[in-house]
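Data block below; observations after.
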Amino acid sequence: MTDDFADGSTPAPADLDALAGRGSEIRLIAVDMDGTLLDGEGAVPTALWPLLGRLRDAGIAFAPASGRQHATLRREFGAHGDDLVFIAENGTFVTRGDEELSSDVMDRDFVIDLIGDIRGFTHEVGVVLCGKASAYIERTDDAFRDQAEKYYARLMDVEDLLAVDDEILKVAVFDVEDGEKHTAPALERHRLTHQVVVSGHHWVDVMNQGVSKGKALRAIQDLLNVTPEQTAVFGDYLNDLDMMDAADFSFAMANAHPDVAAAARYRAPSNVDHGVIRVLERLLD
């Protein structure tokens with residue numbers, strides 16, 4: 001926990017002993033999935049399941065916050081998800097269990113324009129059209145499908161993305177090489193009207209303006225009558241940035257992007273070291 005980040009910055013490490021018992025101050029916890037909660041094998045640590053019961057008994061709401069599809073999050077948490085608030089698709093779709101709390105649907109004409117641009121890229125990409133009912137792909141080779149299936153439990157092959165009849169929440173672009181380097185700059189003109197968010201090394205998401213995990217988290221705070229002082233968040237990548245501003249207990253993982261590390265108040269152990277679990281255990285100790 002004492003190593004510096006790659007850019008030389010050193011956010012304050014979380015003193016796990018000093019955090020003991022401070023869970024009594026917290027009423028809401030929002031946790032990113034990939035690179036944060038999920039372990040090195042991409043699985044939810046089994047140690048989380050008893051912790052969810054302890055959080056519920058302590059009156060603390062738990063909110064997985066992810067660029068992942070709602071159906072994927074529900075699959076990951078199974079029956080445990082009935083009591084959770086899900087911030088799915090980077091905040092474009094928010095539910096409590098299976099009940100929709102909010103959604104933000106994209107304009108169809110814009111989606112058509114965007115897909116036309118992406119089809120003209122000279123670098124290799126794959127596109128996932130993220131709807132309420134399902135996610136859709138027209139590139140169906142095994143290499144791309146393997147990447148898409150990690151995040152989309154409901155995934156349909158289609159001949160033409162433009163023929164899809166669904167409410168579209170997000171367009172996710174998988175860049176084979178580097179999303180921040182290639183795809184995000186190629187989509188620069190769309191930043192005038194929409195968000196272009198680097199959500200992972202290979203993934204870039206395009207969504208409506210104003211939609212984010214942080215905005216969704218603030219709406220949940222209002223719904224539950226919870227303040228930032230009563231909120232904890234954990235994240236590692238750029239689409240977690242604005243969640244950091246919504247919580248006094250903000251934790252960047254040891255493997256976090258430098259910008260996220262700079263925005264967070266504390267640093268937690270990495271996801272492969274089960275950092276979220278370790279911090280939660282001390283908060284509840």
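By order of appearance in the structure tokens: chains A, B, ..., then residues from 1 within every chain, and ligands from 1 in the order shown.
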Please tabulate, as a Markdown table, the residues of segment 222-282 of chain A that come within 12 Å of segment 78-87 of chain A, each with its closest pair of atoms and the distance in Å to one decimal, counting only C-alpha atoms and ordering rows by chain, then residue number upward.
| residue | atom | partner | partner_atom | distance |
| --- | --- | --- | --- | --- |
| A:Leu223 | CA | A:Val85 | CA | 11.2 |
| A:Leu224 | CA | A:Val85 | CA | 10.8 |
| A:Asp240 | CA | A:Ile87 | CA | 11.6 |
| A:Met243 | CA | A:Ile87 | CA | 11.4 |
Show which residues sit within 12 Å of segment 131-134 of chain A, as a ChimeraX atom specification. Count only C-alpha atoms, and ignore same-chain residues fewer than 3 positions away. /A:68-72,88-89,92-95,100,102-106,108,111,128,137,149,151-158,161,164-172,207
Long-range neighbours of Gly23 of chain A as a list in words, 8 Å cut-off, only C-alpha atoms, 4 positions minimum in chain: Leu19, Leu280, Leu283 and Leu284 of chain A
Within segment 34-271 of chain A, find each residue whose DSSP state, derived from the backbone, is strand (DSSP E), and express the selection as number ranges by chain. A: 61-64, 85-88, 93-96, 99-103, 125-131, 135-137, 155-157, 168-175, 194-198, 203-208, 231-235, 249-253, 266-268
Could you tell me which of A:Ser212, A:Ala246, A:Thr36, A:Leu162 comes closest to Ile112 of chain A if we count only C-alpha atoms?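 Nearest to Ile112 of chain A: A:Leu162.
Compared by their closest atoms to Arg54 of chain A, and using only C-alpha atoms, the residues A:Pro228, A:Val197, A:Asp285, A:Ala252 rank with A:Asp285 nearest.
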Between atom CA of Ala43 of chain A and atom CA of Ala148 of chain A, what is the distance in Å, rounded to a tenth?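 Going from atom CA of Ala43 of chain A over to atom CA of Ala148 of chain A covers 16.0 Å.
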Using atom CA of Gly200 of chain A and atom CA of Asp109 of chain A as the two end points, give the distance in Å to one decimal. 26.6 Å
Considering only C-alpha atoms, can you say which of A:Glu188, A:Asp57, A:Asp273, A:Asp178 comes closest to Glu124 of chain A? A:Asp178
